[in-house]
$ cat run18.cif   # mmCIF, C-alpha atoms and all ligand atoms
data_final
loop_
_atom_site.group_PDB
_atom_site.id
_atom_site.type_symbol
_atom_site.label_atom_id
_atom_site.label_comp_id
_atom_site.auth_asym_id
_atom_site.auth_seq_id
_atom_site.Cartn_x
_atom_site.Cartn_y
_atom_site.Cartn_z
ATOM 1 C CA MET K 630 0.000 0.000 0.000
ATOM 2 C CA ILE K 631 1.443 3.397 -0.950
ATOM 3 C CA ASP K 632 1.004 5.831 1.887
ATOM 4 C CA THR K 633 -0.253 9.228 0.998
ATOM 5 C CA ALA K 634 2.016 11.111 3.396
ATOM 6 C CA GLY K 635 4.893 10.495 1.001
ATOM 7 C CA GLN K 636 6.850 8.311 3.423
ATOM 8 C CA THR K 637 8.638 5.146 2.344
ATOM 9 C CA PRO K 638 6.032 2.507 1.562
ATOM 10 C CA PRO K 639 6.110 -0.549 3.836
ATOM 11 C CA GLN K 640 8.381 -3.486 3.082
ATOM 12 C CA LEU K 641 6.999 -6.338 1.037
ATOM 13 C CA GLU K 642 6.522 -9.638 2.827
ATOM 14 C CA GLU K 643 8.386 -12.766 1.771
ATOM 15 C CA MET K 644 6.230 -14.935 -0.496
ATOM 16 C CA PRO K 645 4.977 -18.099 1.207
ATOM 17 C CA SER K 646 7.280 -21.037 0.501
ATOM 18 C CA ASP K 647 5.428 -23.908 2.188
ATOM 19 C CA TRP K 648 4.024 -25.347 -1.029
ATOM 20 C CA GLN K 649 5.101 -27.865 -3.647
ATOM 21 C CA ARG K 650 3.151 -27.166 -6.868
ATOM 22 C CA ALA K 651 2.521 -23.894 -8.704
ATOM 23 C CA LEU K 652 0.568 -23.203 -11.876
ATOM 24 C CA ALA K 653 1.241 -20.012 -13.831
ATOM 25 C CA VAL K 654 -1.587 -18.892 -16.120
ATOM 26 C CA VAL K 655 -0.948 -15.979 -18.494
ATOM 27 C CA ALA K 656 -2.212 -14.653 -21.814
ATOM 28 C CA HIS K 657 0.899 -14.760 -24.018
ATOM 29 C CA PRO K 658 4.297 -16.322 -24.585
ATOM 30 C CA ASP K 659 6.808 -13.916 -22.892
ATOM 31 C CA ASP K 660 4.386 -12.708 -20.155
ATOM 32 C CA LEU K 661 6.249 -14.718 -17.515
ATOM 33 C CA GLU K 662 9.692 -13.829 -18.805
ATOM 34 C CA TYR K 663 9.551 -10.076 -18.175
ATOM 35 C CA GLY K 664 10.644 -10.644 -14.550
ATOM 36 C CA CYS K 665 8.594 -13.458 -13.037
ATOM 37 C CA ALA K 666 10.904 -16.183 -14.372
ATOM 38 C CA ALA K 667 13.560 -15.164 -11.819
ATOM 39 C CA ALA K 668 11.210 -16.298 -9.046
ATOM 40 C CA VAL K 669 10.369 -19.473 -10.961
ATOM 41 C CA ALA K 670 14.086 -20.366 -11.288
ATOM 42 C CA GLY K 671 14.514 -20.076 -7.514
ATOM 43 C CA TRP K 672 11.483 -22.254 -6.889
ATOM 44 C CA THR K 673 12.499 -25.041 -9.275
ATOM 45 C CA ASP K 674 16.013 -24.939 -7.715
ATOM 46 C CA ALA K 675 14.286 -25.665 -4.401
ATOM 47 C CA GLY K 676 12.620 -28.756 -5.919
ATOM 48 C CA LYS K 677 9.186 -27.216 -6.432
ATOM 49 C CA GLU K 678 7.146 -28.009 -9.551
ATOM 50 C CA VAL K 679 5.941 -25.172 -11.765
ATOM 51 C CA VAL K 680 3.686 -25.601 -14.814
ATOM 52 C CA TYR K 681 2.962 -22.904 -17.402
ATOM 53 C CA VAL K 682 -0.433 -22.482 -19.075
ATOM 54 C CA LEU K 683 -0.738 -19.923 -21.874
ATOM 55 C CA ALA K 684 -4.177 -18.791 -22.972
ATOM 56 C CA SER K 685 -2.906 -18.021 -26.499
ATOM 57 C CA ARG K 686 0.156 -18.794 -28.626
ATOM 58 C CA GLY K 687 0.944 -15.090 -29.049
ATOM 59 C CA GLU K 688 0.276 -15.446 -32.761
ATOM 60 C CA ALA K 689 -0.724 -11.787 -33.197
ATOM 61 C CA GLY K 690 2.487 -10.528 -31.584
ATOM 62 C CA ILE K 691 4.773 -9.978 -34.588
ATOM 63 C CA ASP K 692 3.661 -7.483 -37.221
ATOM 64 C CA GLY K 693 5.591 -9.050 -40.084
ATOM 65 C CA LEU K 694 4.494 -12.639 -39.442
ATOM 66 C CA GLU K 695 1.168 -14.237 -40.331
ATOM 67 C CA PRO K 696 -0.469 -15.807 -37.260
ATOM 68 C CA ALA K 697 -0.316 -19.297 -38.801
ATOM 69 C CA VAL K 698 3.462 -18.961 -39.139
ATOM 70 C CA CYS K 699 3.932 -17.101 -35.887
ATOM 71 C CA ALA K 700 2.041 -19.492 -33.572
ATOM 72 C CA PRO K 701 4.343 -22.542 -33.820
ATOM 73 C CA LEU K 702 7.421 -20.338 -33.658
ATOM 74 C CA ARG K 703 6.283 -18.588 -30.490
ATOM 75 C CA GLU K 704 5.210 -21.897 -28.974
ATOM 76 C CA ARG K 705 8.733 -23.251 -29.546
ATOM 77 C CA GLU K 706 10.331 -20.145 -28.063
ATOM 78 C CA GLN K 707 8.044 -20.382 -25.017
ATOM 79 C CA ARG K 708 8.964 -24.031 -24.400
ATOM 80 C CA ASP K 709 12.690 -23.218 -24.667
ATOM 81 C CA SER K 710 12.205 -20.238 -22.393
ATOM 82 C CA ALA K 711 10.393 -22.329 -19.757
ATOM 83 C CA ALA K 712 13.104 -25.016 -19.861
ATOM 84 C CA VAL K 713 15.751 -22.417 -18.945
ATOM 85 C CA VAL K 714 14.078 -21.937 -15.535
ATOM 86 C CA GLY K 715 13.301 -25.612 -14.932
ATOM 87 C CA VAL K 716 9.708 -25.718 -16.236
ATOM 88 C CA ARG K 717 9.023 -28.812 -18.333
ATOM 89 C CA THR K 718 5.246 -28.664 -18.759
ATOM 90 C CA VAL K 719 3.859 -25.877 -20.963
ATOM 91 C CA GLU K 720 0.257 -25.993 -22.165
ATOM 92 C CA PHE K 721 -1.714 -23.784 -24.542
ATOM 93 C CA LEU K 722 -5.456 -23.153 -24.249
ATOM 94 C CA ASP K 723 -5.752 -21.809 -27.817
ATOM 95 C CA HIS K 724 -7.753 -18.679 -27.167
ATOM 96 C CA ARG K 725 -7.160 -16.165 -29.949
ATOM 97 C CA ASP K 726 -4.325 -13.742 -29.277
ATOM 98 C CA GLY K 727 -5.424 -10.118 -28.958
ATOM 99 C CA VAL K 728 -9.120 -10.853 -28.578
ATOM 100 C CA ILE K 729 -9.166 -13.140 -25.526
ATOM 101 C CA GLU K 730 -12.563 -12.702 -23.919
ATOM 102 C CA TYR K 731 -13.252 -12.801 -20.219
ATOM 103 C CA GLY K 732 -16.148 -15.215 -19.798
ATOM 104 C CA LEU K 733 -17.306 -18.667 -18.856
ATOM 105 C CA GLY K 734 -15.260 -20.406 -21.561
ATOM 106 C CA LEU K 735 -12.018 -18.915 -20.291
ATOM 107 C CA ARG K 736 -12.908 -19.562 -16.639
ATOM 108 C CA ARG K 737 -13.760 -23.160 -17.492
ATOM 109 C CA ASP K 738 -10.502 -23.761 -19.369
ATOM 110 C CA ILE K 739 -8.433 -22.327 -16.518
ATOM 111 C CA ALA K 740 -10.442 -24.210 -13.879
ATOM 112 C CA ALA K 741 -9.776 -27.408 -15.868
ATOM 113 C CA ALA K 742 -6.023 -26.663 -15.864
ATOM 114 C CA ILE K 743 -6.124 -26.073 -12.094
ATOM 115 C CA ARG K 744 -7.922 -29.396 -11.599
ATOM 116 C CA ARG K 745 -5.384 -31.214 -13.827
ATOM 117 C CA HIS K 746 -2.338 -29.864 -12.029
ATOM 118 C CA ARG K 747 -3.687 -29.389 -8.475
ATOM 119 C CA PRO K 748 -1.477 -26.414 -7.510
ATOM 120 C CA GLU K 749 -1.301 -24.803 -4.085
ATOM 121 C CA LEU K 750 -0.024 -21.551 -5.615
ATOM 122 C CA VAL K 751 -1.487 -20.001 -8.780
ATOM 123 C CA LEU K 752 0.398 -17.216 -10.553
ATOM 124 C CA THR K 753 -0.899 -14.779 -13.102
ATOM 125 C CA LEU K 754 -0.077 -11.376 -14.592
ATOM 126 C CA ASN K 755 -1.479 -7.932 -13.835
ATOM 127 C CA HIS K 756 -5.280 -7.987 -14.060
ATOM 128 C CA ARG K 757 -5.581 -4.264 -13.294
ATOM 129 C CA ASP K 758 -6.289 -1.459 -15.776
ATOM 130 C CA THR K 759 -2.796 0.047 -15.805
ATOM 131 C CA TRP K 760 0.890 -0.767 -15.376
ATOM 132 C CA GLY K 761 2.040 1.386 -12.488
ATOM 133 C CA PRO K 762 -0.231 3.545 -10.367
ATOM 134 C CA GLU K 763 -2.992 5.693 -11.831
ATOM 135 C CA PRO K 764 -2.954 8.389 -12.970
ATOM 136 C CA GLY K 765 -0.037 8.144 -15.356
ATOM 137 C CA GLY K 766 0.307 4.370 -15.566
ATOM 138 C CA ALA K 767 0.414 2.851 -19.061
ATOM 139 C CA TRP K 768 -2.846 1.223 -20.154
ATOM 140 C CA ASN K 769 -2.835 -2.581 -19.804
ATOM 141 C CA THR K 770 -4.083 -4.896 -22.578
ATOM 142 C CA PRO K 771 -7.528 -6.547 -22.641
ATOM 143 C CA ASP K 772 -5.920 -10.019 -22.881
ATOM 144 C CA HIS K 773 -4.031 -9.500 -19.608
ATOM 145 C CA LEU K 774 -7.148 -8.194 -17.865
ATOM 146 C CA ALA K 775 -9.263 -11.091 -19.106
ATOM 147 C CA VAL K 776 -6.783 -13.819 -18.217
ATOM 148 C CA GLY K 777 -5.762 -12.281 -14.879
ATOM 149 C CA ARG K 778 -9.351 -11.881 -13.720
ATOM 150 C CA ALA K 779 -10.444 -15.276 -15.027
ATOM 151 C CA THR K 780 -7.511 -16.904 -13.212
ATOM 152 C CA LEU K 781 -8.464 -15.248 -9.922
ATOM 153 C CA ASP K 782 -12.011 -16.513 -10.435
ATOM 154 C CA ALA K 783 -11.038 -19.979 -11.645
ATOM 155 C CA ALA K 784 -9.075 -20.667 -8.442
ATOM 156 C CA ALA K 785 -12.481 -20.827 -6.735
ATOM 157 C CA ASP K 786 -14.329 -22.416 -9.684
ATOM 158 C CA ALA K 787 -11.873 -25.335 -9.634
ATOM 159 C CA GLY K 788 -12.956 -26.287 -6.137
ATOM 160 C CA ASN K 789 -16.705 -26.187 -6.730
ATOM 161 C CA ARG K 790 -18.163 -29.343 -8.269
ATOM 162 C CA TRP K 791 -21.378 -27.574 -9.311
ATOM 163 C CA ILE K 792 -20.004 -24.619 -11.279
ATOM 164 C CA PHE K 793 -18.596 -26.585 -14.237
ATOM 165 C CA PRO K 794 -20.066 -30.091 -13.725
ATOM 166 C CA GLU K 795 -18.894 -31.085 -17.215
ATOM 167 C CA LEU K 796 -15.309 -31.025 -15.941
ATOM 168 C CA THR K 797 -16.123 -33.658 -13.336
ATOM 169 C CA GLU K 798 -17.771 -35.741 -16.059
ATOM 170 C CA GLN K 799 -14.488 -35.500 -17.998
ATOM 171 C CA GLY K 800 -12.702 -37.029 -15.017
ATOM 172 C CA LEU K 801 -11.353 -33.792 -13.537
ATOM 173 C CA ALA K 802 -12.222 -33.953 -9.855
ATOM 174 C CA PRO K 803 -12.687 -30.662 -7.980
ATOM 175 C CA TRP K 804 -9.469 -29.206 -6.514
ATOM 176 C CA ASN K 805 -9.992 -26.814 -3.644
ATOM 177 C CA GLY K 806 -6.327 -26.711 -2.673
ATOM 178 C CA VAL K 807 -5.291 -23.350 -4.133
ATOM 179 C CA ARG K 808 -4.074 -21.369 -1.102
ATOM 180 C CA TRP K 809 -2.889 -18.227 -2.853
ATOM 181 C CA VAL K 810 -3.244 -16.479 -6.204
ATOM 182 C CA ALA K 811 -0.210 -14.256 -6.778
ATOM 183 C CA VAL K 812 -0.381 -11.520 -9.415
ATOM 184 C CA ALA K 813 2.909 -10.377 -10.964
ATOM 185 C CA GLY K 814 3.238 -6.854 -12.342
ATOM 186 C CA SER K 815 0.446 -5.473 -10.147
ATOM 187 C CA ASN K 816 0.426 -1.850 -9.009
ATOM 188 C CA LEU K 817 -0.379 -3.031 -5.495
ATOM 189 C CA PRO K 818 2.221 -5.636 -4.554
ATOM 190 C CA THR K 819 2.135 -7.174 -1.088
ATOM 191 C CA HIS K 820 4.860 -9.845 -1.274
ATOM 192 C CA ALA K 821 8.146 -10.521 -3.058
ATOM 193 C CA VAL K 822 10.693 -13.203 -3.877
ATOM 194 C CA ASP K 823 14.463 -12.669 -3.954
ATOM 195 C CA ALA K 824 15.276 -12.540 -7.658
ATOM 196 C CA GLY K 825 19.058 -12.709 -7.177
ATOM 197 C CA PRO K 826 19.663 -16.459 -7.578
ATOM 198 C CA GLY K 827 17.453 -16.663 -10.692
ATOM 199 C CA LEU K 828 18.452 -13.391 -12.334
ATOM 200 C CA GLU K 829 20.882 -14.730 -14.924
ATOM 201 C CA ARG K 830 18.492 -17.503 -15.982
ATOM 202 C CA ALA K 831 15.580 -15.051 -16.106
ATOM 203 C CA THR K 832 17.558 -12.997 -18.618
ATOM 204 C CA ARG K 833 18.308 -16.079 -20.742
ATOM 205 C CA SER K 834 14.687 -17.133 -20.449
ATOM 206 C CA LEU K 835 13.551 -13.794 -21.904
ATOM 207 C CA LEU K 836 16.226 -14.032 -24.576
ATOM 208 C CA ALA K 837 14.715 -17.360 -25.695
ATOM 209 C CA HIS K 838 11.898 -15.243 -27.242
ATOM 210 C CA ARG K 839 14.478 -14.107 -29.746
ATOM 211 C CA THR K 840 12.300 -13.761 -32.847
ATOM 212 C CA TYR K 841 9.764 -11.735 -30.895
ATOM 213 C CA ILE K 842 12.410 -9.490 -29.329
ATOM 214 C CA GLU K 843 14.253 -8.912 -32.599
ATOM 215 C CA ALA K 844 10.952 -7.736 -34.092
ATOM 216 C CA LEU K 845 10.207 -5.582 -31.038
ATOM 217 C CA THR K 846 13.407 -3.583 -30.721
ATOM 218 C CA ASP K 847 16.492 -2.475 -32.650
ATOM 219 C CA GLU K 848 18.556 -2.858 -29.486
ATOM 220 C CA ASP K 849 20.979 -5.738 -29.138
ATOM 221 C CA PRO K 850 18.747 -8.579 -27.812
ATOM 222 C CA ASP K 851 21.208 -9.575 -25.050
ATOM 223 C CA ALA K 852 21.447 -6.019 -23.762
ATOM 224 C CA TYR K 853 17.686 -5.477 -24.057
ATOM 225 C CA CYS K 854 16.900 -8.602 -22.025
ATOM 226 C CA ARG K 855 19.547 -7.958 -19.372
ATOM 227 C CA ASP K 856 18.436 -4.345 -18.914
ATOM 228 C CA PHE K 857 14.741 -5.180 -18.847
ATOM 229 C CA VAL K 858 15.044 -7.955 -16.266
ATOM 230 C CA ALA K 859 17.375 -5.798 -14.125
ATOM 231 C CA MET K 860 14.921 -2.896 -14.322
ATOM 232 C CA SER K 861 11.863 -5.005 -13.517
ATOM 233 C CA THR K 862 13.503 -6.774 -10.564
ATOM 234 C CA GLY K 863 15.109 -3.529 -9.355
ATOM 235 C CA ARG K 864 11.819 -1.674 -9.077
ATOM 236 C CA ALA K 865 10.700 -3.460 -5.896
ATOM 237 C CA SER K 866 14.124 -3.722 -4.286
ATOM 238 C CA GLU K 867 13.767 -0.644 -2.078
ATOM 239 C CA ARG K 868 10.770 -2.349 -0.490
ATOM 240 C CA PHE K 869 12.628 -5.662 -0.116
ATOM 241 C CA GLY K 870 15.797 -4.889 1.798
ATOM 242 C CA GLY K 871 17.658 -3.697 -1.304
ATOM 243 C CA ARG K 872 17.542 -7.131 -2.940
ATOM 244 C CA PRO K 873 16.410 -7.534 -6.560
ATOM 245 C CA ALA K 874 12.874 -8.849 -6.270
ATOM 246 C CA VAL K 875 9.902 -10.222 -8.118
ATOM 247 C CA ALA K 876 6.883 -8.587 -6.502
ATOM 248 C CA PHE K 877 3.405 -10.079 -6.346
ATOM 249 C CA GLU K 878 -0.012 -8.963 -5.175
ATOM 250 C CA VAL K 879 -1.089 -12.004 -3.193
ATOM 251 C CA PHE K 880 -4.726 -12.975 -2.750
ATOM 252 C CA PRO K 881 -4.994 -15.636 -0.028
ATOM 253 C CA ARG K 882 -7.812 -18.164 -0.231
HETATM 254 ZN ZN ZN C 1 1.212 -10.283 -22.702
#
$ encode --input "run18.cif" --output "structure tokens"
Amino acid sequence: MIDTAGQTPPQLEEMPSDWQRALAVVAHPDDLEYGCAAAVAGWTDAGKEVVYVLASRGEAGIDGLEPAVCAPLREREQRDSAAVVGVRTVEFLDHRDGVIEYGLGLRRDIAAAIRRHRPELVLTLNHRDTWGPEPGGAWNTPDHLAVGRATLDAAADAGNRWIFPELTEQGLAPWNGVRWVAVAGSNLPTHAVDAGPGLERATRSLLAHRTYIEALTDEDPDAYCRDFVAMSTGRASERFGGRPAVAFEVFPR
């Protein structure tokens, strides 16, 4: 919480670590690599299991590439990127990039993924209107809002046998074991993870999206990735004892 008297905002709490399985649900390939992957590297080092679920294949992300050509390329880059931080399972829900709709279909698909993987911790990306505090924060994208909100909702849907009974019929038993949903990139972080041990791998993990990054910027890709990850993990450090940090807004359940 930012305090209005202009004093230093309070320190972020350490993220809970008494869990074994996490599921990260985001809209696009690269959403987890702009910082969050540093936390993931630390967790997989500690023997925890992390699974990635992407609502789309990011096929509308490169101006010069037709979606049909772009989708398999971005899928491959996402799998390579996940492997760098110890994530072996990457799934795609095949919602259409750029026009992902918040609604029952999305909630159902995410609830199904939660039931399949039975995580205690669910991660997602900023579901709020802007990046950084309003006014002045950059406008977020509708895909991130839709997937972030649907993920927060699906954590509860997954545990209720009556909301999507068709999932139970498909053999996916209710899972009411999600203890926290943690939102990366939120304007209102409450917790953080030390990004130091995973920093180098987080940079390489972002660099694995090479085709996307080369289309995005004229900068040298190595320098772009190193600077971006350093900037994103440096932002929360003054609220985390000076350590580079991945900050999350944590919703306990
Ligand atoms: Zn995105």
$ resolve_selection --input "run18.cif" --expression "the PyMOL selection byres (((not hetatm)) within 9 of (chain C and resi 1))" --output "number ranges by chain"
K: 655-661, 687, 690, 754, 770, 772-773
$ resolve_selection --input "run18.cif" --expression "the PyMOL selection byres (((chain K and resi 851) around 12) and not hetatm)" --output "list of chain:residue names"
K:Glu829, K:Ala831, K:Thr832, K:Arg833, K:Ser834, K:Leu835, K:Leu836, K:Ala837, K:His838, K:Arg839, K:Ile842, K:Glu843, K:Thr846, K:Asp847, K:Glu848, K:Asp849, K:Pro850, K:Ala852, K:Tyr853, K:Cys854, K:Arg855, K:Asp856, K:Phe857, K:Val858
$ residues_near_point --input "run18.cif" --point "(-9.0, -14.0, -25.2)" --cutoff "12 Å" --atoms "only C-alpha atoms" --output "PyMOL selection string"
chain K and resi 655-657+683-687+689+722-736+738+770-779
$ resolve_selection --input "run18.cif" --expression "the PyMOL selection byres (((chain K and resi 814) around 9) and not hetatm)" --output "list in words"
Gly664, Cys665, Thr753, Leu754, Asn755, His756, Trp760, Gly761, Val812, Ala813, Ser815, Asn816, Leu817, Pro818, Ser861, Val875, Ala876, Phe877 and Glu878 of chain K
$ atom_distance --input "run18.cif" --atom1 "atom CA of K:Pro881" --atom2 "atom CA of K:Gly788"
14.6 Å
$ closest_residue --input "run18.cif" --among "K:Gly765, K:Pro639, K:Gly715, K:Pro645" --to "K:Phe880" --atoms "all atoms listed in the file"
K:Pro645
$ closest_residue --input "run18.cif" --among "K:Ala865, K:Leu752, K:Ala784, K:Ala767" --to "K:Ile739" --atoms "all atoms listed in the file"
K:Ala784
$ closest_residue --input "run18.cif" --among "K:Asp782, K:Glu642, K:Glu720, K:Asp647" --to "K:Asp823" --atoms "all atoms listed in the file"
K:Glu642
$ closest_residue --input "run18.cif" --among "K:Met860, K:Gln649, K:Val822, K:Ala802" --to "K:Arg872" --atoms "all atoms listed in the file"
K:Val822
$ residues_around --input "run18.cif" --residues "K:Ile792" --least-positions-apart "5" --cutoff "9 Å" --atoms "all atoms listed in the file" --output "PyMOL selection string"
chain K and resi 737+786-787
$ closest_residue --input "run18.cif" --among "K:Val682, K:Val669, K:Ala697, K:Met644" --to "K:Thr780" --atoms "all atoms listed in the file"
K:Val682
$ residues_around --input "run18.cif" --residues "stretch 795-797 of chain K" --least-positions-apart "6" --cutoff "9 Å" --atoms "all atoms listed in the file" --output "number ranges by chain"
K: 737, 740-741, 744, 803
$ residues_around --input "run18.cif" --residues "K:Arg708" --least-positions-apart "2" --cutoff "10 Å" --atoms "all atoms listed in the file" --output "list in words"
Pro658, Tyr681, Arg703, Glu704, Arg705, Glu706, Ser710, Ala711, Ala712, Val713, Val716, Arg717, Thr718, Val719, Glu720, Ser834, Ala837 and His838 of chain K
$ atom_distance --input "run18.cif" --atom1 "atom CA of K:Leu801" --atom2 "atom CA of K:Lys677"
22.7 Å
$ closest_residue --input "run18.cif" --among "K:Gly827, K:Gly871, K:Pro696, K:Pro762" --to "K:Asp674" --atoms "all atoms listed in the file"
K:Gly827
$ atom_distance --input "run18.cif" --atom1 "atom CA of K:Arg790" --atom2 "atom CA of K:Arg757"
28.5 Å
$ residues_around --input "run18.cif" --residues "K:Leu641" --least-positions-apart "2" --cutoff "6 Å" --atoms "all atoms listed in the file" --output "count of residues only"
5
$ decode --input "run18.cif" --residues "stretch 695-718 of chain K" --atoms "N, CA and C atoms" --output "PDB file, in the first residue's frame"
ATOM      1  N   GLU K 695       2.545 -13.736 -40.349  1.00  0.00           N
ATOM      2  CA  GLU K 695       1.168 -14.237 -40.331  1.00  0.00           C
ATOM      3  C   GLU K 695       0.961 -15.101 -39.081  1.00  0.00           C
ATOM      4  N   PRO K 696      -0.216 -14.999 -38.465  1.00  0.00           N
ATOM      5  CA  PRO K 696      -0.469 -15.807 -37.260  1.00  0.00           C
ATOM      6  C   PRO K 696      -0.191 -17.308 -37.448  1.00  0.00           C
ATOM      7  N   ALA K 697      -0.510 -17.853 -38.604  1.00  0.00           N
ATOM      8  CA  ALA K 697      -0.316 -19.297 -38.801  1.00  0.00           C
ATOM      9  C   ALA K 697       1.172 -19.680 -38.772  1.00  0.00           C
ATOM     10  N   VAL K 698       2.019 -18.733 -39.168  1.00  0.00           N
ATOM     11  CA  VAL K 698       3.462 -18.961 -39.139  1.00  0.00           C
ATOM     12  C   VAL K 698       4.018 -18.644 -37.752  1.00  0.00           C
ATOM     13  N   CYS K 699       3.440 -17.610 -37.167  1.00  0.00           N
ATOM     14  CA  CYS K 699       3.932 -17.101 -35.887  1.00  0.00           C
ATOM     15  C   CYS K 699       3.650 -18.060 -34.722  1.00  0.00           C
ATOM     16  N   ALA K 700       2.464 -18.683 -34.728  1.00  0.00           N
ATOM     17  CA  ALA K 700       2.041 -19.492 -33.572  1.00  0.00           C
ATOM     18  C   ALA K 700       3.033 -20.608 -33.222  1.00  0.00           C
ATOM     19  N   PRO K 701       3.421 -21.458 -34.190  1.00  0.00           N
ATOM     20  CA  PRO K 701       4.343 -22.542 -33.820  1.00  0.00           C
ATOM     21  C   PRO K 701       5.727 -22.034 -33.398  1.00  0.00           C
ATOM     22  N   LEU K 702       6.129 -20.923 -34.006  1.00  0.00           N
ATOM     23  CA  LEU K 702       7.421 -20.338 -33.658  1.00  0.00           C
ATOM     24  C   LEU K 702       7.412 -19.833 -32.204  1.00  0.00           C
ATOM     25  N   ARG K 703       6.349 -19.136 -31.848  1.00  0.00           N
ATOM     26  CA  ARG K 703       6.283 -18.588 -30.490  1.00  0.00           C
ATOM     27  C   ARG K 703       6.074 -19.702 -29.465  1.00  0.00           C
ATOM     28  N   GLU K 704       5.363 -20.753 -29.876  1.00  0.00           N
ATOM     29  CA  GLU K 704       5.210 -21.897 -28.974  1.00  0.00           C
ATOM     30  C   GLU K 704       6.589 -22.501 -28.676  1.00  0.00           C
ATOM     31  N   ARG K 705       7.391 -22.666 -29.724  1.00  0.00           N
ATOM     32  CA  ARG K 705       8.733 -23.251 -29.546  1.00  0.00           C
ATOM     33  C   ARG K 705       9.592 -22.360 -28.644  1.00  0.00           C
ATOM     34  N   GLU K 706       9.535 -21.057 -28.896  1.00  0.00           N
ATOM     35  CA  GLU K 706      10.331 -20.145 -28.063  1.00  0.00           C
ATOM     36  C   GLU K 706       9.861 -20.188 -26.603  1.00  0.00           C
ATOM     37  N   GLN K 707       8.560 -20.318 -26.389  1.00  0.00           N
ATOM     38  CA  GLN K 707       8.044 -20.382 -25.017  1.00  0.00           C
ATOM     39  C   GLN K 707       8.515 -21.658 -24.316  1.00  0.00           C
ATOM     40  N   ARG K 708       8.507 -22.769 -25.019  1.00  0.00           N
ATOM     41  CA  ARG K 708       8.964 -24.031 -24.400  1.00  0.00           C
ATOM     42  C   ARG K 708      10.449 -23.950 -24.055  1.00  0.00           C
ATOM     43  N   ASP K 709      11.252 -23.378 -24.952  1.00  0.00           N
ATOM     44  CA  ASP K 709      12.690 -23.218 -24.667  1.00  0.00           C
ATOM     45  C   ASP K 709      12.893 -22.305 -23.466  1.00  0.00           C
ATOM     46  N   SER K 710      12.115 -21.227 -23.453  1.00  0.00           N
ATOM     47  CA  SER K 710      12.205 -20.238 -22.393  1.00  0.00           C
ATOM     48  C   SER K 710      11.856 -20.852 -21.028  1.00  0.00           C
ATOM     49  N   ALA K 711      10.808 -21.671 -21.004  1.00  0.00           N
ATOM     50  CA  ALA K 711      10.393 -22.329 -19.757  1.00  0.00           C
ATOM     51  C   ALA K 711      11.475 -23.295 -19.275  1.00  0.00           C
ATOM     52  N   ALA K 712      12.088 -24.022 -20.227  1.00  0.00           N
ATOM     53  CA  ALA K 712      13.104 -25.016 -19.861  1.00  0.00           C
ATOM     54  C   ALA K 712      14.298 -24.360 -19.167  1.00  0.00           C
ATOM     55  N   VAL K 713      14.613 -23.120 -19.554  1.00  0.00           N
ATOM     56  CA  VAL K 713      15.751 -22.417 -18.945  1.00  0.00           C
ATOM     57  C   VAL K 713      15.563 -22.262 -17.432  1.00  0.00           C
ATOM     58  N   VAL K 714      14.325 -22.113 -16.975  1.00  0.00           N
ATOM     59  CA  VAL K 714      14.078 -21.937 -15.535  1.00  0.00           C
ATOM     60  C   VAL K 714      13.460 -23.195 -14.902  1.00  0.00           C
ATOM     61  N   GLY K 715      13.678 -24.343 -15.555  1.00  0.00           N
ATOM     62  CA  GLY K 715      13.301 -25.612 -14.932  1.00  0.00           C
ATOM     63  C   GLY K 715      11.839 -25.990 -15.061  1.00  0.00           C
ATOM     64  N   VAL K 716      11.127 -25.382 -16.033  1.00  0.00           N
ATOM     65  CA  VAL K 716       9.708 -25.718 -16.236  1.00  0.00           C
ATOM     66  C   VAL K 716       9.594 -26.621 -17.460  1.00  0.00           C
ATOM     67  N   ARG K 717       9.078 -27.832 -17.236  1.00  0.00           N
ATOM     68  CA  ARG K 717       9.023 -28.812 -18.333  1.00  0.00           C
ATOM     69  C   ARG K 717       7.635 -28.919 -18.962  1.00  0.00           C
ATOM     70  N   THR K 718       6.602 -28.526 -18.227  1.00  0.00           N
ATOM     71  CA  THR K 718       5.246 -28.664 -18.759  1.00  0.00           C
ATOM     72  C   THR K 718       4.712 -27.291 -19.148  1.00  0.00           C
TER      73      THR K 718
END
